[in-house]
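**Q** Let me give you the structure first, and then I'll get to my questions.
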Amino acid sequence: MSLSTEQQDEIRPAVWSGIHSRNQLVAIVTEELYAPGDIDADDATAFIDAELTRKSVAEAAWSAETDCDRLTTIFARLNASGLAAVENAGLTMSDGFEDVDALCAARGGPGPQCFGYCFFHGQDLAHAQDGEGLHLAFGAFSGDAAETVAVGRLVADTATEHGLQVSWDGTPGQRILLVPFRWRKRGVPRDA
């Protein structure tokens, strides 16, 4: 049994995201994306391996610094500035809020060491892979609108300083959009 075109199209974005290791990809596909037994594990593994090889070859033609490289630098700077900044924070907004809350709690809770947050989640990543730009959620843990705008400005300015284009109306109710944004994340995390 070989994979259908539809199955290949469902698996390919996870591989090209550059987020998951090979073993994680196999588990995601054979245990989460499809129920056990609904996809041939050997065929799925062979397809994942072939896509990882294609991705590795394509990476050689990518620019020395990709938008994803810039994004990782931006998130490191935001974390150093006192934000709880998390890349690929779960699948949904709710997951993202849980992840930034957990990161802030690990830093001792809201305060000068953790006054705001920034994240994108898996659905945002999928939109970026589709060429729709990358949305970033942000806010102040205080909930104050003016402080939330200040966090948004910090995120937008940091992104701009690192060569990404920002679309944002300057209000707390609109997420920041990095557009254009080409999702090109090099490598694959190592399996443990």
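By convention here, the chains of the structure tokens are called A, B, ... in the order presented, each chain's residues are numbered starting at 1, and ligands are numbered starting at 1 in the order presented.
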List every residue of segment 32-164 of chain A that DSSP, applied to the backbone of this structure, assigns to alpha helix (DSSP H), and report them as a PyMOL selection string.
**A** chain A and resi 41-59+67-80+93-106+122-129+145-161
**Q** Using only C-alpha atoms, what does the table of segment 13-50 of chain A residues within 7 Å of segment 175-192 of chain A look like, with each row giving the shortest atom pair and its distance in Å to one decimal, sorted by chain and ascending number, as a Markdown table?
**A**
```
| residue | atom | partner | partner_atom | distance |
| --- | --- | --- | --- | --- |
| A:Ser17 | CA | A:Lys185 | CA | 6.4 |
| A:Gly18 | CA | A:Lys185 | CA | 5.2 |
| A:Ile19 | CA | A:Val188 | CA | 6.6 |
| A:His20 | CA | A:Pro189 | CA | 6.1 |
| A:Ser21 | CA | A:Pro189 | CA | 4.7 |
| A:Arg22 | CA | A:Asp191 | CA | 6.9 |
| A:Asn23 | CA | A:Asp191 | CA | 6.4 |
```
**Q** Looking at only C-alpha atoms, which of A:Arg70, A:His127, A:His121, A:Arg12 is the one that sits closest to Ala159 of chain A?
**A**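 Checking each of A:Arg70, A:His127, A:His121, A:Arg12 against Ala159 of chain A, counting only C-alpha atoms, the winner is A:Arg70.
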**Q** Could you pull out the strand (DSSP E or B) residues of segment 118-184 of chain A, going by DSSP on the backbone, and write them as a ChimeraX atom specification?
**A** /A:118-119,134-140,166-167,176-178
**Q** Quote the spacing between atom CA of Asp95 of chain A and atom CA of Phe141 of chain A in Å to one decimal place.
**A**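 Those two atoms sit 16.1 Å apart.
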**Q** With a distance cut-off of 12 Å and only C-alpha atoms, select the neighbouring residues of Gly96 of chain A, excluding the residue or stretch itself and same-chain residues fewer than 2 positions from it, and output the selection as a PDB file with N, CA and C atoms, in the first residue's frame.
**A**
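Result written to selection.pdb:
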```
ATOM      1  N   ALA A  84       7.555  36.926  27.701  1.00  0.00           N
ATOM      2  CA  ALA A  84       7.488  35.473  27.567  1.00  0.00           C
ATOM      3  C   ALA A  84       7.187  35.241  26.087  1.00  0.00           C
ATOM      4  N   ALA A  85       8.212  34.945  25.316  1.00  0.00           N
ATOM      5  CA  ALA A  85       8.083  34.807  23.868  1.00  0.00           C
ATOM      6  C   ALA A  85       8.305  33.348  23.488  1.00  0.00           C
ATOM      7  N   VAL A  86       7.303  32.750  22.836  1.00  0.00           N
ATOM      8  CA  VAL A  86       7.340  31.320  22.526  1.00  0.00           C
ATOM      9  C   VAL A  86       7.026  31.104  21.049  1.00  0.00           C
ATOM     10  N   GLU A  87       7.940  30.459  20.360  1.00  0.00           N
ATOM     11  CA  GLU A  87       7.709  30.067  18.968  1.00  0.00           C
ATOM     12  C   GLU A  87       6.918  28.758  18.944  1.00  0.00           C
ATOM     13  N   ASN A  88       6.011  28.643  17.983  1.00  0.00           N
ATOM     14  CA  ASN A  88       5.227  27.425  17.778  1.00  0.00           C
ATOM     15  C   ASN A  88       4.598  26.948  19.086  1.00  0.00           C
ATOM     16  N   ALA A  89       3.842  27.827  19.703  1.00  0.00           N
ATOM     17  CA  ALA A  89       3.215  27.570  21.005  1.00  0.00           C
ATOM     18  C   ALA A  89       1.911  26.797  20.828  1.00  0.00           C
ATOM     19  N   GLY A  90       2.022  25.496  20.741  1.00  0.00           N
ATOM     20  CA  GLY A  90       0.835  24.660  20.581  1.00  0.00           C
ATOM     21  C   GLY A  90       0.189  24.845  19.220  1.00  0.00           C
ATOM     22  N   LEU A  91      -1.085  24.470  19.129  1.00  0.00           N
ATOM     23  CA  LEU A  91      -1.790  24.530  17.850  1.00  0.00           C
ATOM     24  C   LEU A  91      -2.713  25.736  17.740  1.00  0.00           C
ATOM     25  N   THR A  92      -3.250  26.220  18.865  1.00  0.00           N
ATOM     26  CA  THR A  92      -4.280  27.255  18.853  1.00  0.00           C
ATOM     27  C   THR A  92      -3.898  28.423  19.768  1.00  0.00           C
ATOM     28  N   MET A  93      -4.720  29.461  19.742  1.00  0.00           N
ATOM     29  CA  MET A  93      -4.509  30.598  20.645  1.00  0.00           C
ATOM     30  C   MET A  93      -4.529  30.133  22.094  1.00  0.00           C
ATOM     31  N   SER A  94      -5.468  29.286  22.450  1.00  0.00           N
ATOM     32  CA  SER A  94      -5.550  28.795  23.837  1.00  0.00           C
ATOM     33  C   SER A  94      -4.255  28.106  24.243  1.00  0.00           C
ATOM     34  N   GLU A  98      -1.502  29.228  27.208  1.00  0.00           N
ATOM     35  CA  GLU A  98      -1.010  28.292  28.226  1.00  0.00           C
ATOM     36  C   GLU A  98       0.516  28.268  28.251  1.00  0.00           C
ATOM     37  N   ASP A  99       1.131  28.246  27.073  1.00  0.00           N
ATOM     38  CA  ASP A  99       2.593  28.182  26.998  1.00  0.00           C
ATOM     39  C   ASP A  99       3.257  29.443  27.549  1.00  0.00           C
ATOM     40  N   VAL A 100       2.730  30.625  27.201  1.00  0.00           N
ATOM     41  CA  VAL A 100       3.367  31.843  27.711  1.00  0.00           C
ATOM     42  C   VAL A 100       3.094  32.011  29.208  1.00  0.00           C
ATOM     43  N   ASP A 101       1.918  31.582  29.667  1.00  0.00           N
ATOM     44  CA  ASP A 101       1.644  31.620  31.109  1.00  0.00           C
ATOM     45  C   ASP A 101       2.623  30.728  31.863  1.00  0.00           C
ATOM     46  N   ALA A 102       2.887  29.538  31.321  1.00  0.00           N
ATOM     47  CA  ALA A 102       3.818  28.610  31.976  1.00  0.00           C
ATOM     48  C   ALA A 102       5.234  29.181  31.998  1.00  0.00           C
ATOM     49  N   LEU A 103       5.658  29.795  30.893  1.00  0.00           N
ATOM     50  CA  LEU A 103       6.988  30.389  30.836  1.00  0.00           C
ATOM     51  C   LEU A 103       7.103  31.534  31.843  1.00  0.00           C
ATOM     52  N   TYR A 117       3.882  39.178  26.696  1.00  0.00           N
ATOM     53  CA  TYR A 117       4.082  37.928  25.969  1.00  0.00           C
ATOM     54  C   TYR A 117       3.999  38.154  24.468  1.00  0.00           C
ATOM     55  N   CYS A 118       4.523  37.185  23.738  1.00  0.00           N
ATOM     56  CA  CYS A 118       4.431  37.142  22.284  1.00  0.00           C
ATOM     57  C   CYS A 118       4.537  35.679  21.877  1.00  0.00           C
ATOM     58  N   PHE A 119       3.701  35.266  20.943  1.00  0.00           N
ATOM     59  CA  PHE A 119       3.778  33.889  20.449  1.00  0.00           C
ATOM     60  C   PHE A 119       3.094  33.760  19.098  1.00  0.00           C
ATOM     61  N   PHE A 120       3.397  32.669  18.436  1.00  0.00           N
ATOM     62  CA  PHE A 120       2.606  32.193  17.300  1.00  0.00           C
ATOM     63  C   PHE A 120       2.375  30.720  17.537  1.00  0.00           C
ATOM     64  N   HIS A 121       1.295  30.205  16.987  1.00  0.00           N
ATOM     65  CA  HIS A 121       0.938  28.801  17.207  1.00  0.00           C
ATOM     66  C   HIS A 121       0.942  28.031  15.891  1.00  0.00           C
ATOM     67  N   GLY A 122       0.649  26.754  15.980  1.00  0.00           N
ATOM     68  CA  GLY A 122       0.728  25.872  14.826  1.00  0.00           C
ATOM     69  C   GLY A 122      -0.153  26.271  13.656  1.00  0.00           C
ATOM     70  N   GLN A 123      -1.343  26.797  13.942  1.00  0.00           N
ATOM     71  CA  GLN A 123      -2.206  27.249  12.850  1.00  0.00           C
ATOM     72  C   GLN A 123      -1.589  28.463  12.147  1.00  0.00           C
ATOM     73  N   ASP A 124      -0.939  29.339  12.925  1.00  0.00           N
ATOM     74  CA  ASP A 124      -0.240  30.480  12.321  1.00  0.00           C
ATOM     75  C   ASP A 124       0.893  29.990  11.425  1.00  0.00           C
ATOM     76  N   LEU A 136       1.513  37.159  14.854  1.00  0.00           N
ATOM     77  CA  LEU A 136       2.065  37.085  16.196  1.00  0.00           C
ATOM     78  C   LEU A 136       1.042  37.632  17.180  1.00  0.00           C
ATOM     79  N   ALA A 137       0.754  36.852  18.218  1.00  0.00           N
ATOM     80  CA  ALA A 137      -0.089  37.318  19.307  1.00  0.00           C
ATOM     81  C   ALA A 137       0.814  38.009  20.322  1.00  0.00           C
ATOM     82  N   PHE A 138       0.295  39.010  20.997  1.00  0.00           N
ATOM     83  CA  PHE A 138       1.088  39.743  21.984  1.00  0.00           C
ATOM     84  C   PHE A 138       0.136  40.351  23.009  1.00  0.00           C
ATOM     85  N   GLY A 139       0.703  40.740  24.123  1.00  0.00           N
ATOM     86  CA  GLY A 139      -0.091  41.422  25.125  1.00  0.00           C
ATOM     87  C   GLY A 139       0.698  41.660  26.389  1.00  0.00           C
TER      88      GLY A 139
END
```
**Q** Have a look at A:Leu78, A:Glu31, A:Leu3, A:Asp144 and name the one nearest to Gln113 of chain A; count only C-alpha atoms.
**A**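 Among the listed residues, A:Leu78 lies closest to Gln113 of chain A.
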**Q** So which residues touch Leu154 of chain A within 12 Å, counting only C-alpha atoms, skipping near sequence neighbours fewer than 4 positions away, as a list in words?
**A** Ile74, Phe75, Arg77, Leu78, Asn79, Ser81, Gly82, Leu83, Ala85, Phe115, Gly116, Tyr117, Cys118, Phe138, Gly139, Ala140, Glu147, Thr148, Val149, Ala150, Thr158, Ala159, Thr160, Glu161, Val166, Gly170 and Ile176 of chain A
**Q** Restricting the output to C-alpha atoms, write the selected residues as a PDB file, in the first residue's frame.
**A**
```pdb
ATOM      1  CA  ILE A  74      13.724  38.192  17.465  1.00  0.00           C
ATOM      2  CA  PHE A  75      12.169  35.807  19.987  1.00  0.00           C
ATOM      3  CA  ARG A  77      15.672  39.332  22.056  1.00  0.00           C
ATOM      4  CA  LEU A  78      12.062  39.566  23.232  1.00  0.00           C
ATOM      5  CA  ASN A  79      12.706  36.992  25.959  1.00  0.00           C
ATOM      6  CA  SER A  81      13.653  42.103  27.172  1.00  0.00           C
ATOM      7  CA  GLY A  82      11.181  40.659  29.676  1.00  0.00           C
ATOM      8  CA  LEU A  83       8.567  39.091  27.436  1.00  0.00           C
ATOM      9  CA  ALA A  85       8.083  34.807  23.868  1.00  0.00           C
ATOM     10  CA  PHE A 115       5.626  41.908  31.830  1.00  0.00           C
ATOM     11  CA  GLY A 116       4.202  40.692  28.529  1.00  0.00           C
ATOM     12  CA  TYR A 117       4.082  37.928  25.969  1.00  0.00           C
ATOM     13  CA  CYS A 118       4.431  37.142  22.284  1.00  0.00           C
ATOM     14  CA  PHE A 138       1.088  39.743  21.984  1.00  0.00           C
ATOM     15  CA  GLY A 139      -0.091  41.422  25.125  1.00  0.00           C
ATOM     16  CA  ALA A 140       0.675  42.684  28.607  1.00  0.00           C
ATOM     17  CA  GLU A 147       0.794  48.449  28.200  1.00  0.00           C
ATOM     18  CA  THR A 148      -0.412  45.964  25.567  1.00  0.00           C
ATOM     19  CA  VAL A 149       0.213  48.550  22.838  1.00  0.00           C
ATOM     20  CA  ALA A 150       3.714  49.112  24.277  1.00  0.00           C
ATOM     21  CA  THR A 158      12.260  44.312  17.132  1.00  0.00           C
ATOM     22  CA  ALA A 159      10.956  42.537  14.023  1.00  0.00           C
ATOM     23  CA  THR A 160      11.635  45.589  11.866  1.00  0.00           C
ATOM     24  CA  GLU A 161      15.149  45.964  13.291  1.00  0.00           C
ATOM     25  CA  VAL A 166       5.360  44.396   9.883  1.00  0.00           C
ATOM     26  CA  GLY A 170      -1.073  49.872  16.442  1.00  0.00           C
ATOM     27  CA  ILE A 176       0.921  41.698  14.301  1.00  0.00           C
TER      28      ILE A 176
END
```
**Q** Kindly indicate which residue among A:Asp169, A:Gly108, A:Leu164, A:Gln174 lies nearest to Thr66 of chain A, using only C-alpha atoms for the distances.
**A**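 Of A:Asp169, A:Gly108, A:Leu164, A:Gln174, the one nearest Thr66 of chain A is A:Leu164, counting only C-alpha atoms.
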**Q** So how many Å separate atom CA of Arg54 of chain A and atom CA of Gln165 of chain A, to one decimal?
**A**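 These two atoms are separated by 28.7 Å.
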